[in-house]
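Asker: Contents are TSV, N, CA, C and O atoms; file name protein04.tsv:
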chain	number	residue	atom	x	y	z
A	1	MET	N	-12.54	-8.00	-3.32
A	1	MET	CA	-11.25	-8.61	-3.01
A	1	MET	C	-10.45	-7.64	-2.15
A	1	MET	O	-10.43	-6.45	-2.40
A	2	ASN	N	-9.81	-8.16	-1.14
A	2	ASN	CA	-8.96	-7.37	-0.27
A	2	ASN	C	-7.51	-7.52	-0.69
A	2	ASN	O	-7.11	-8.55	-1.25
A	3	ALA	N	-6.72	-6.49	-0.38
A	3	ALA	CA	-5.30	-6.50	-0.68
A	3	ALA	C	-4.56	-5.83	0.47
A	3	ALA	O	-5.16	-5.15	1.30
A	4	ILE	N	-3.25	-6.04	0.50
A	4	ILE	CA	-2.39	-5.43	1.51
A	4	ILE	C	-1.42	-4.49	0.80
A	4	ILE	O	-0.76	-4.89	-0.16
A	5	VAL	N	-1.36	-3.26	1.28
A	5	VAL	CA	-0.41	-2.28	0.76
A	5	VAL	C	0.66	-2.09	1.84
A	5	VAL	O	0.33	-1.85	3.01
A	6	THR	N	1.93	-2.20	1.45
A	6	THR	CA	3.03	-1.96	2.37
A	6	THR	C	3.84	-0.78	1.86
A	6	THR	O	4.08	-0.65	0.66
A	7	VAL	N	4.25	0.07	2.79
A	7	VAL	CA	5.03	1.27	2.46
A	7	VAL	C	6.25	1.28	3.39
A	7	VAL	O	6.09	1.21	4.61
A	8	LEU	N	7.44	1.38	2.82
A	8	LEU	CA	8.68	1.40	3.59
A	8	LEU	C	9.60	2.47	3.04
A	8	LEU	O	9.71	2.63	1.83
A	9	GLY	N	10.27	3.18	3.93
A	9	GLY	CA	11.24	4.16	3.47
A	9	GLY	C	11.64	5.13	4.55
A	9	GLY	O	11.15	5.06	5.68
A	10	GLN	N	12.51	6.04	4.18
A	10	GLN	CA	12.95	7.09	5.10
A	10	GLN	C	11.77	8.02	5.37
A	10	GLN	O	11.07	8.42	4.44
A	11	ASP	N	11.55	8.34	6.63
A	11	ASP	CA	10.41	9.17	7.00
A	11	ASP	C	10.52	10.56	6.37
A	11	ASP	O	11.61	11.14	6.30
A	12	LYS	N	9.40	11.06	5.88
A	12	LYS	CA	9.30	12.42	5.36
A	12	LYS	C	7.85	12.85	5.39
A	12	LYS	O	6.94	12.02	5.47
A	13	VAL	N	7.63	14.12	5.31
A	13	VAL	CA	6.28	14.69	5.35
A	13	VAL	C	5.47	14.23	4.14
A	13	VAL	O	5.98	14.24	3.01
A	14	GLY	N	4.23	13.80	4.38
A	14	GLY	CA	3.29	13.56	3.30
A	14	GLY	C	3.19	12.14	2.76
A	14	GLY	O	2.42	11.91	1.83
A	15	ILE	N	3.91	11.19	3.33
A	15	ILE	CA	3.85	9.81	2.80
A	15	ILE	C	2.43	9.26	2.93
A	15	ILE	O	1.83	8.83	1.94
A	16	ALA	N	1.89	9.26	4.14
A	16	ALA	CA	0.56	8.69	4.36
A	16	ALA	C	-0.48	9.44	3.52
A	16	ALA	O	-1.35	8.82	2.90
A	17	ALA	N	-0.38	10.75	3.48
A	17	ALA	CA	-1.34	11.56	2.72
A	17	ALA	C	-1.29	11.22	1.23
A	17	ALA	O	-2.34	11.08	0.59
A	18	ALA	N	-0.10	11.07	0.67
A	18	ALA	CA	0.04	10.79	-0.77
A	18	ALA	C	-0.51	9.41	-1.11
A	18	ALA	O	-1.22	9.25	-2.12
A	19	VAL	N	-0.21	8.41	-0.29
A	19	VAL	CA	-0.69	7.05	-0.56
A	19	VAL	C	-2.21	7.01	-0.42
A	19	VAL	O	-2.91	6.46	-1.29
A	20	CYS	N	-2.74	7.61	0.63
A	20	CYS	CA	-4.20	7.63	0.83
A	20	CYS	C	-4.92	8.38	-0.29
A	20	CYS	O	-5.98	7.94	-0.75
A	21	ALA	N	-4.34	9.48	-0.76
A	21	ALA	CA	-4.94	10.25	-1.85
A	21	ALA	C	-4.98	9.42	-3.13
A	21	ALA	O	-5.99	9.43	-3.85
A	22	LEU	N	-3.91	8.69	-3.43
A	22	LEU	CA	-3.88	7.85	-4.63
A	22	LEU	C	-4.94	6.75	-4.54
A	22	LEU	O	-5.65	6.49	-5.51
A	23	LEU	N	-5.07	6.14	-3.38
A	23	LEU	CA	-6.07	5.09	-3.20
A	23	LEU	C	-7.48	5.66	-3.35
A	23	LEU	O	-8.32	5.08	-4.04
A	24	ALA	N	-7.73	6.81	-2.74
A	24	ALA	CA	-9.06	7.44	-2.83
A	24	ALA	C	-9.38	7.81	-4.27
A	24	ALA	O	-10.52	7.62	-4.72
A	25	LYS	N	-8.39	8.33	-5.00
A	25	LYS	CA	-8.60	8.72	-6.40
A	25	LYS	C	-9.05	7.52	-7.24
A	25	LYS	O	-9.81	7.66	-8.18
A	26	ASN	N	-8.62	6.32	-6.84
A	26	ASN	CA	-8.95	5.10	-7.57
A	26	ASN	C	-10.08	4.30	-6.92
A	26	ASN	O	-10.28	3.14	-7.24
A	27	ASN	N	-10.82	4.94	-6.00
A	27	ASN	CA	-11.98	4.33	-5.35
A	27	ASN	C	-11.62	3.06	-4.57
A	27	ASN	O	-12.37	2.08	-4.57
A	28	VAL	N	-10.47	3.09	-3.90
A	28	VAL	CA	-10.03	1.97	-3.07
A	28	VAL	C	-10.31	2.34	-1.62
A	28	VAL	O	-9.88	3.40	-1.14
A	29	ASN	N	-11.03	1.48	-0.91
A	29	ASN	CA	-11.39	1.74	0.48
A	29	ASN	C	-10.34	1.18	1.42
A	29	ASN	O	-9.94	0.01	1.29
A	30	ILE	N	-9.91	1.99	2.38
A	30	ILE	CA	-8.95	1.54	3.40
A	30	ILE	C	-9.75	0.89	4.53
A	30	ILE	O	-10.60	1.53	5.15
A	31	LEU	N	-9.46	-0.38	4.80
A	31	LEU	CA	-10.17	-1.13	5.85
A	31	LEU	C	-9.46	-1.03	7.18
A	31	LEU	O	-10.10	-1.01	8.24
A	32	ASP	N	-8.13	-1.01	7.15
A	32	ASP	CA	-7.33	-0.96	8.37
A	32	ASP	C	-5.97	-0.37	8.00
A	32	ASP	O	-5.50	-0.55	6.87
A	33	ILE	N	-5.36	0.30	8.95
A	33	ILE	CA	-4.07	0.94	8.68
A	33	ILE	C	-3.23	0.94	9.95
A	33	ILE	O	-3.76	1.15	11.04
A	34	SER	N	-1.94	0.67	9.80
A	34	SER	CA	-1.00	0.72	10.90
A	34	SER	C	0.28	1.35	10.38
A	34	SER	O	0.76	1.01	9.30
A	35	GLN	N	0.82	2.28	11.14
A	35	GLN	CA	2.07	2.90	10.73
A	35	GLN	C	2.96	3.11	11.94
A	35	GLN	O	2.47	3.25	13.06
A	36	THR	N	4.25	3.12	11.71
A	36	THR	CA	5.20	3.39	12.78
A	36	THR	C	6.45	4.01	12.17
A	36	THR	O	6.72	3.85	10.98
A	37	ILE	N	7.17	4.71	13.00
A	37	ILE	CA	8.46	5.27	12.60
A	37	ILE	C	9.47	4.79	13.63
A	37	ILE	O	9.29	5.00	14.83
A	38	LEU	N	10.51	4.12	13.17
A	38	LEU	CA	11.53	3.59	14.06
A	38	LEU	C	12.88	4.09	13.59
A	38	LEU	O	13.32	3.75	12.48
A	39	GLN	N	13.51	4.92	14.37
A	39	GLN	CA	14.81	5.50	14.06
A	39	GLN	C	14.84	6.09	12.64
A	39	GLN	O	15.76	5.88	11.87
A	40	GLY	N	13.78	6.83	12.31
A	40	GLY	CA	13.72	7.51	11.03
A	40	GLY	C	13.18	6.69	9.88
A	40	GLY	O	12.99	7.20	8.78
A	41	ALA	N	12.92	5.40	10.10
A	41	ALA	CA	12.37	4.54	9.04
A	41	ALA	C	10.85	4.48	9.18
A	41	ALA	O	10.33	4.14	10.24
A	42	PHE	N	10.16	4.83	8.11
A	42	PHE	CA	8.70	4.85	8.09
A	42	PHE	C	8.20	3.51	7.57
A	42	PHE	O	8.67	3.02	6.54
A	43	THR	N	7.24	2.93	8.27
A	43	THR	CA	6.60	1.68	7.85
A	43	THR	C	5.09	1.83	7.99
A	43	THR	O	4.61	2.26	9.03
A	44	MET	N	4.37	1.46	6.93
A	44	MET	CA	2.90	1.50	6.98
A	44	MET	C	2.36	0.25	6.29
A	44	MET	O	2.85	-0.14	5.23
A	45	VAL	N	1.39	-0.36	6.91
A	45	VAL	CA	0.70	-1.52	6.34
A	45	VAL	C	-0.79	-1.19	6.33
A	45	VAL	O	-1.34	-0.75	7.35
A	46	MET	N	-1.42	-1.39	5.17
A	46	MET	CA	-2.83	-1.08	5.01
A	46	MET	C	-3.57	-2.28	4.44
A	46	MET	O	-3.09	-2.91	3.51
A	47	ALA	N	-4.72	-2.59	5.02
A	47	ALA	CA	-5.63	-3.55	4.41
A	47	ALA	C	-6.63	-2.72	3.62
A	47	ALA	O	-7.21	-1.76	4.15
A	48	VAL	N	-6.79	-3.04	2.34
A	48	VAL	CA	-7.67	-2.25	1.47
A	48	VAL	C	-8.64	-3.16	0.73
A	48	VAL	O	-8.37	-4.34	0.51
A	49	ASP	N	-9.77	-2.58	0.35
A	49	ASP	CA	-10.78	-3.28	-0.45
A	49	ASP	C	-10.69	-2.73	-1.87
A	49	ASP	O	-10.95	-1.55	-2.10
A	50	VAL	N	-10.30	-3.58	-2.83
A	50	VAL	CA	-10.14	-3.15	-4.22
A	50	VAL	C	-11.31	-3.59	-5.10
A	50	VAL	O	-11.27	-3.43	-6.31
A	51	GLU	N	-12.36	-4.11	-4.48
A	51	GLU	CA	-13.51	-4.63	-5.22
A	51	GLU	C	-14.13	-3.58	-6.15
A	51	GLU	O	-14.48	-3.89	-7.29
A	52	LYS	N	-14.24	-2.35	-5.69
A	52	LYS	CA	-14.88	-1.29	-6.48
A	52	LYS	C	-13.87	-0.31	-7.07
A	52	LYS	O	-14.24	0.79	-7.47
A	53	ALA	N	-12.62	-0.73	-7.13
A	53	ALA	CA	-11.57	0.16	-7.66
A	53	ALA	C	-11.87	0.53	-9.11
A	53	ALA	O	-12.41	-0.28	-9.87
A	54	SER	N	-11.51	1.74	-9.48
A	54	SER	CA	-11.76	2.22	-10.83
A	54	SER	C	-10.70	1.76	-11.82
A	54	SER	O	-10.83	2.01	-13.02
A	55	VAL	N	-9.66	1.08	-11.33
A	55	VAL	CA	-8.61	0.52	-12.19
A	55	VAL	C	-8.33	-0.91	-11.75
A	55	VAL	O	-8.72	-1.33	-10.66
A	56	SER	N	-7.65	-1.67	-12.58
A	56	SER	CA	-7.27	-3.04	-12.21
A	56	SER	C	-6.21	-3.01	-11.12
A	56	SER	O	-5.53	-1.98	-10.91
A	57	VAL	N	-6.03	-4.12	-10.44
A	57	VAL	CA	-4.99	-4.22	-9.42
A	57	VAL	C	-3.62	-4.02	-10.06
A	57	VAL	O	-2.74	-3.38	-9.46
A	58	GLY	N	-3.44	-4.49	-11.27
A	58	GLY	CA	-2.18	-4.29	-11.98
A	58	GLY	C	-1.89	-2.82	-12.22
A	58	GLY	O	-0.76	-2.36	-12.00
A	59	GLU	N	-2.90	-2.08	-12.65
A	59	GLU	CA	-2.73	-0.63	-12.87
A	59	GLU	C	-2.49	0.08	-11.54
A	59	GLU	O	-1.66	0.99	-11.45
A	60	LEU	N	-3.20	-0.33	-10.51
A	60	LEU	CA	-3.00	0.25	-9.18
A	60	LEU	C	-1.56	0.00	-8.71
A	60	LEU	O	-0.91	0.90	-8.16
A	61	ARG	N	-1.07	-1.21	-8.93
A	61	ARG	CA	0.31	-1.55	-8.58
A	61	ARG	C	1.29	-0.61	-9.28
A	61	ARG	O	2.22	-0.08	-8.66
A	62	GLU	N	1.06	-0.37	-10.57
A	62	GLU	CA	1.95	0.52	-11.33
A	62	GLU	C	1.90	1.94	-10.77
A	62	GLU	O	2.94	2.60	-10.65
A	63	GLN	N	0.71	2.42	-10.45
A	63	GLN	CA	0.57	3.77	-9.90
A	63	GLN	C	1.27	3.89	-8.54
A	63	GLN	O	1.94	4.89	-8.25
A	64	LEU	N	1.10	2.88	-7.69
A	64	LEU	CA	1.73	2.91	-6.37
A	64	LEU	C	3.26	2.85	-6.50
A	64	LEU	O	3.98	3.57	-5.79
A	65	GLU	N	3.75	2.01	-7.40
A	65	GLU	CA	5.20	1.92	-7.59
A	65	GLU	C	5.76	3.22	-8.14
A	65	GLU	O	6.84	3.65	-7.73
A	66	ALA	N	5.03	3.88	-9.04
A	66	ALA	CA	5.46	5.17	-9.58
A	66	ALA	C	5.51	6.23	-8.48
A	66	ALA	O	6.46	7.03	-8.40
A	67	LEU	N	4.49	6.24	-7.61
A	67	LEU	CA	4.49	7.18	-6.50
A	67	LEU	C	5.67	6.90	-5.58
A	67	LEU	O	6.34	7.83	-5.12
A	68	GLY	N	5.92	5.62	-5.32
A	68	GLY	CA	7.05	5.26	-4.48
A	68	GLY	C	8.37	5.73	-5.06
A	68	GLY	O	9.22	6.27	-4.33
A	69	LYS	N	8.54	5.55	-6.35
A	69	LYS	CA	9.76	6.00	-7.02
A	69	LYS	C	9.91	7.52	-6.88
A	69	LYS	O	10.99	8.02	-6.57
A	70	GLU	N	8.80	8.23	-7.11
A	70	GLU	CA	8.80	9.69	-7.00
A	70	GLU	C	9.17	10.16	-5.60
A	70	GLU	O	9.90	11.14	-5.43
A	71	MET	N	8.68	9.43	-4.57
A	71	MET	CA	8.93	9.82	-3.18
A	71	MET	C	10.16	9.14	-2.59
A	71	MET	O	10.47	9.34	-1.42
A	72	GLU	N	10.83	8.30	-3.38
A	72	GLU	CA	12.02	7.56	-2.95
A	72	GLU	C	11.72	6.64	-1.77
A	72	GLU	O	12.45	6.58	-0.79
A	73	ILE	N	10.58	5.92	-1.89
A	73	ILE	CA	10.18	4.92	-0.90
A	73	ILE	C	9.69	3.69	-1.66
A	73	ILE	O	9.52	3.73	-2.88
A	74	SER	N	9.45	2.61	-0.94
A	74	SER	CA	8.92	1.38	-1.56
A	74	SER	C	7.44	1.25	-1.22
A	74	SER	O	7.07	1.29	-0.04
A	75	ILE	N	6.61	1.10	-2.25
A	75	ILE	CA	5.17	0.88	-2.04
A	75	ILE	C	4.78	-0.36	-2.84
A	75	ILE	O	5.01	-0.42	-4.05
A	76	ARG	N	4.22	-1.34	-2.17
A	76	ARG	CA	3.81	-2.60	-2.81
A	76	ARG	C	2.37	-2.92	-2.47
A	76	ARG	O	1.87	-2.57	-1.41
A	77	ILE	N	1.70	-3.64	-3.37
A	77	ILE	CA	0.35	-4.13	-3.11
A	77	ILE	C	0.29	-5.59	-3.54
A	77	ILE	O	0.86	-5.97	-4.57
A	78	GLN	N	-0.35	-6.42	-2.72
A	78	GLN	CA	-0.57	-7.82	-3.10
A	78	GLN	C	-1.89	-8.29	-2.52
A	78	GLN	O	-2.38	-7.75	-1.53
A	79	ARG	N	-2.46	-9.27	-3.19
A	79	ARG	CA	-3.72	-9.82	-2.71
A	79	ARG	C	-3.55	-10.33	-1.28
A	79	ARG	O	-2.51	-10.88	-0.93
A	80	GLU	N	-4.58	-10.15	-0.49
A	80	GLU	CA	-4.50	-10.49	0.93
A	80	GLU	C	-4.12	-11.95	1.17
A	80	GLU	O	-3.30	-12.26	2.03
A	81	GLU	N	-4.69	-12.86	0.39
A	81	GLU	CA	-4.40	-14.28	0.63
A	81	GLU	C	-2.93	-14.62	0.31
A	81	GLU	O	-2.34	-15.48	0.96
A	82	ILE	N	-2.34	-13.94	-0.65
A	82	ILE	CA	-0.92	-14.16	-0.96
A	82	ILE	C	-0.07	-13.61	0.17
A	82	ILE	O	0.87	-14.25	0.64
A	83	PHE	N	-0.38	-12.40	0.64
A	83	PHE	CA	0.34	-11.79	1.76
A	83	PHE	C	0.26	-12.71	2.98
A	83	PHE	O	1.27	-12.97	3.62
A	84	ASP	N	-0.94	-13.19	3.31
A	84	ASP	CA	-1.12	-14.06	4.48
A	84	ASP	C	-0.31	-15.34	4.33
A	84	ASP	O	0.32	-15.77	5.30
A	85	ALA	N	-0.30	-15.95	3.16
A	85	ALA	CA	0.44	-17.20	2.95
A	85	ALA	C	1.94	-16.97	3.10
A	85	ALA	O	2.65	-17.80	3.66
A	86	MET	N	2.42	-15.83	2.62
A	86	MET	CA	3.86	-15.53	2.70
A	86	MET	C	4.32	-15.21	4.12
A	86	MET	O	5.48	-15.43	4.46
A	87	HIS	N	3.41	-14.73	4.97
A	87	HIS	CA	3.79	-14.28	6.30
A	87	HIS	C	3.25	-15.17	7.41
A	87	HIS	O	3.27	-14.79	8.56
A	88	ARG	N	2.77	-16.34	7.05
A	88	ARG	CA	2.26	-17.27	8.05
A	88	ARG	C	3.44	-17.91	8.78
A	88	ARG	O	4.42	-18.31	8.19
A	89	ILE	N	3.33	-17.98	10.09
A	89	ILE	CA	4.41	-18.56	10.91
A	89	ILE	C	4.14	-20.03	11.15
A	89	ILE	O	3.08	-20.47	11.34
Output the file's structure as structure tokens, nothing else.
Answerer:
Amino acid sequence: MNAIVTVLGQDKVGIAAAVCALLAKNNVNILDISQTILQGAFTMVMAVDVEKASVSVGELREQLEALGKEMEISIRIQREEIFDAMHRI
């Protein structure tokens, strides 16, 4: 199953590294990644494969949200089909 991870917040050193490290620790493969910084605001969108993850998507969501809280940024994960349905034009 694929999922979409979104990261939003004030730019600071180590955001991409911390998110990628957490995903790797949980055996989540990054399929695609896009990031940008616009006037100090950091935005990253990742397509990930959670099929072989060592934790449930719910546990992964909790870990990502905890990391986001620690770094004072927003990190969310949702199933790809839900993300696509919500963002279809």
Asker: Find the residues around Leu8 (chain A) up to 8 Å (only C-alpha atoms counted), leave out those fewer than 3 positions away in its own chain, and share them as a list in words.
Answerer: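 That gives Ala41, Phe42, Thr43, Met44, Ile73, Ser74 and Ile75 of chain A.
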Asker: Enumerate the residues of region 8-82 of chain A with a DSSP assignment of strand (DSSP E), computed from the backbone, and present them as an NGL selection string.
Answerer: :A and (8-10 or 29-38 or 41-49 or 74-79)
Asker: One decimal, in Å: what's the spacing between CA of Asn26 (chain A) and CA of Gln10 (chain A)?
Answerer: 25.4 Å
Asker: My list of candidates is A:Val50, A:Met1, A:Val45, A:Leu60. Which is closest to Leu22 (chain A) when distances are computed with all atoms listed in the file?
Answerer: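 That would be A:Leu60, the residue with the smallest distance to Leu22 (chain A).
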Asker: What does the distance between atom O of Ile4 (chain A) and atom N of Arg79 (chain A) come to in Å, to one decimal place?
Answerer: 5.6 Å
Asker: Got a sec to check which residues sit within 8 Å of (-3.4, 0.4, 5.8), counting all atoms listed in the file, and write them as an mmCIF file with N, CA, C and O atoms, keeping the file's coordinate frame?
Answerer:
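result-v6.cif written:
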data_model
loop_
_atom_site.group_PDB
_atom_site.id
_atom_site.type_symbol
_atom_site.label_atom_id
_atom_site.label_comp_id
_atom_site.auth_asym_id
_atom_site.auth_seq_id
_atom_site.Cartn_x
_atom_site.Cartn_y
_atom_site.Cartn_z
ATOM 1 N N ALA A 3 -6.720 -6.490 -0.380
ATOM 2 C CA ALA A 3 -5.300 -6.500 -0.680
ATOM 3 C C ALA A 3 -4.560 -5.830 0.470
ATOM 4 O O ALA A 3 -5.160 -5.150 1.300
ATOM 5 N N ILE A 4 -3.250 -6.040 0.500
ATOM 6 C CA ILE A 4 -2.390 -5.430 1.510
ATOM 7 C C ILE A 4 -1.420 -4.490 0.800
ATOM 8 O O ILE A 4 -0.760 -4.890 -0.160
ATOM 9 N N VAL A 5 -1.360 -3.260 1.280
ATOM 10 C CA VAL A 5 -0.410 -2.280 0.760
ATOM 11 C C VAL A 5 0.660 -2.090 1.840
ATOM 12 O O VAL A 5 0.330 -1.850 3.010
ATOM 13 N N THR A 6 1.930 -2.200 1.450
ATOM 14 C CA THR A 6 3.030 -1.960 2.370
ATOM 15 C C THR A 6 3.840 -0.780 1.860
ATOM 16 O O THR A 6 4.080 -0.650 0.660
ATOM 17 N N ASN A 29 -11.030 1.480 -0.910
ATOM 18 C CA ASN A 29 -11.390 1.740 0.480
ATOM 19 C C ASN A 29 -10.340 1.180 1.420
ATOM 20 O O ASN A 29 -9.940 0.010 1.290
ATOM 21 N N ILE A 30 -9.910 1.990 2.380
ATOM 22 C CA ILE A 30 -8.950 1.540 3.400
ATOM 23 C C ILE A 30 -9.750 0.890 4.530
ATOM 24 O O ILE A 30 -10.600 1.530 5.150
ATOM 25 N N LEU A 31 -9.460 -0.380 4.800
ATOM 26 C CA LEU A 31 -10.170 -1.130 5.850
ATOM 27 C C LEU A 31 -9.460 -1.030 7.180
ATOM 28 O O LEU A 31 -10.100 -1.010 8.240
ATOM 29 N N ASP A 32 -8.130 -1.010 7.150
ATOM 30 C CA ASP A 32 -7.330 -0.960 8.370
ATOM 31 C C ASP A 32 -5.970 -0.370 8.000
ATOM 32 O O ASP A 32 -5.500 -0.550 6.870
ATOM 33 N N ILE A 33 -5.360 0.300 8.950
ATOM 34 C CA ILE A 33 -4.070 0.940 8.680
ATOM 35 C C ILE A 33 -3.230 0.940 9.950
ATOM 36 O O ILE A 33 -3.760 1.150 11.040
ATOM 37 N N SER A 34 -1.940 0.670 9.800
ATOM 38 C CA SER A 34 -1.000 0.720 10.900
ATOM 39 C C SER A 34 0.280 1.350 10.380
ATOM 40 O O SER A 34 0.760 1.010 9.300
ATOM 41 N N GLN A 35 0.820 2.280 11.140
ATOM 42 C CA GLN A 35 2.070 2.900 10.730
ATOM 43 C C GLN A 35 2.960 3.110 11.940
ATOM 44 O O GLN A 35 2.470 3.250 13.060
ATOM 45 N N MET A 44 4.370 1.460 6.930
ATOM 46 C CA MET A 44 2.900 1.500 6.980
ATOM 47 C C MET A 44 2.360 0.250 6.290
ATOM 48 O O MET A 44 2.850 -0.140 5.230
ATOM 49 N N VAL A 45 1.390 -0.360 6.910
ATOM 50 C CA VAL A 45 0.700 -1.520 6.340
ATOM 51 C C VAL A 45 -0.790 -1.190 6.330
ATOM 52 O O VAL A 45 -1.340 -0.750 7.350
ATOM 53 N N MET A 46 -1.420 -1.390 5.170
ATOM 54 C CA MET A 46 -2.830 -1.080 5.010
ATOM 55 C C MET A 46 -3.570 -2.280 4.440
ATOM 56 O O MET A 46 -3.090 -2.910 3.510
ATOM 57 N N ALA A 47 -4.720 -2.590 5.020
ATOM 58 C CA ALA A 47 -5.630 -3.550 4.410
ATOM 59 C C ALA A 47 -6.630 -2.720 3.620
ATOM 60 O O ALA A 47 -7.210 -1.760 4.150
ATOM 61 N N VAL A 48 -6.790 -3.040 2.340
ATOM 62 C CA VAL A 48 -7.670 -2.250 1.470
ATOM 63 C C VAL A 48 -8.640 -3.160 0.730
ATOM 64 O O VAL A 48 -8.370 -4.340 0.510
#
Asker: For CA of Lys69 (chain A) and CA of Lys52 (chain A), quote the distance in Å rounded to one decimal.
Answerer: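 Atom-to-atom, CA of Lys69 (chain A) and CA of Lys52 (chain A) are spaced 25.7 Å apart.
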Asker: For Asn2 (chain A), which residue out of A:Val55, A:Ile77, A:Ala16, A:Leu67 is the nearest one, using only C-alpha atoms?
Answerer: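 With only C-alpha atoms as the atom set, the closest residue is A:Ile77.
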Asker: Run DSSP on the backbone and grab whatever in chain A lands in alpha helix (DSSP H); send it over as a ChimeraX atom specification.
Answerer: /A:15-25,57-71,80-86
Asker: Given only N, CA, C and O atoms as the basis, pick out the residue of A:Arg76, A:Gly9, A:Val19, A:Gly68 nearest to Leu38 (chain A).
Answerer: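 Using only N, CA, C and O atoms, Leu38 (chain A) sits closest to A:Gly9.
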Asker: Each side padded by 4 Å, which centre and which edge lengths in Å (one decimal) define the axis-aligned box around the listed atoms of region 41-49 of chain A? Give them as lines of an AutoDock Vina configuration file.
Answerer:
center_x = 1.0
center_y = 0.5
center_z = 4.1
size_x = 31.9
size_y = 17.7
size_z = 20.3
Asker: Please rebuild region 35-41 of chain A with all heavy atoms and give the result as an mmCIF file, in the coordinates of the input.
Answerer:
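Contents of out.cif, freshly written:
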data_model
loop_
_atom_site.group_PDB
_atom_site.id
_atom_site.type_symbol
_atom_site.label_atom_id
_atom_site.label_comp_id
_atom_site.auth_asym_id
_atom_site.auth_seq_id
_atom_site.Cartn_x
_atom_site.Cartn_y
_atom_site.Cartn_z
ATOM 1 N N GLN A 35 0.820 2.280 11.140
ATOM 2 C CA GLN A 35 2.070 2.900 10.730
ATOM 3 C C GLN A 35 2.960 3.110 11.940
ATOM 4 O O GLN A 35 2.470 3.250 13.060
ATOM 5 C CB GLN A 35 1.857 4.205 10.005
ATOM 6 C CG GLN A 35 1.481 5.357 10.903
ATOM 7 C CD GLN A 35 1.581 6.697 10.203
ATOM 8 O OE1 GLN A 35 1.119 6.840 9.091
ATOM 9 N NE2 GLN A 35 2.170 7.661 10.860
ATOM 10 N N THR A 36 4.250 3.120 11.710
ATOM 11 C CA THR A 36 5.200 3.390 12.780
ATOM 12 C C THR A 36 6.450 4.010 12.170
ATOM 13 O O THR A 36 6.720 3.850 10.980
ATOM 14 C CB THR A 36 5.548 2.100 13.556
ATOM 15 O OG1 THR A 36 6.310 2.445 14.707
ATOM 16 C CG2 THR A 36 6.328 1.118 12.711
ATOM 17 N N ILE A 37 7.170 4.710 13.000
ATOM 18 C CA ILE A 37 8.460 5.270 12.600
ATOM 19 C C ILE A 37 9.470 4.790 13.630
ATOM 20 O O ILE A 37 9.290 5.000 14.830
ATOM 21 C CB ILE A 37 8.419 6.807 12.565
ATOM 22 C CG1 ILE A 37 7.355 7.266 11.585
ATOM 23 C CG2 ILE A 37 9.790 7.371 12.202
ATOM 24 C CD1 ILE A 37 7.006 8.727 11.685
ATOM 25 N N LEU A 38 10.510 4.120 13.170
ATOM 26 C CA LEU A 38 11.530 3.590 14.060
ATOM 27 C C LEU A 38 12.880 4.090 13.590
ATOM 28 O O LEU A 38 13.320 3.750 12.480
ATOM 29 C CB LEU A 38 11.490 2.054 14.047
ATOM 30 C CG LEU A 38 12.483 1.331 14.936
ATOM 31 C CD1 LEU A 38 12.246 1.702 16.397
ATOM 32 C CD2 LEU A 38 12.378 -0.166 14.758
ATOM 33 N N GLN A 39 13.510 4.920 14.370
ATOM 34 C CA GLN A 39 14.810 5.500 14.060
ATOM 35 C C GLN A 39 14.840 6.090 12.640
ATOM 36 O O GLN A 39 15.760 5.880 11.870
ATOM 37 C CB GLN A 39 15.913 4.467 14.236
ATOM 38 C CG GLN A 39 16.045 3.991 15.661
ATOM 39 C CD GLN A 39 17.145 2.970 15.859
ATOM 40 O OE1 GLN A 39 17.816 2.559 14.923
ATOM 41 N NE2 GLN A 39 17.342 2.556 17.085
ATOM 42 N N GLY A 40 13.780 6.830 12.310
ATOM 43 C CA GLY A 40 13.720 7.510 11.030
ATOM 44 C C GLY A 40 13.180 6.690 9.880
ATOM 45 O O GLY A 40 12.990 7.200 8.780
ATOM 46 N N ALA A 41 12.920 5.400 10.100
ATOM 47 C CA ALA A 41 12.370 4.540 9.040
ATOM 48 C C ALA A 41 10.850 4.480 9.180
ATOM 49 O O ALA A 41 10.330 4.140 10.240
ATOM 50 C CB ALA A 41 12.963 3.141 9.126
#
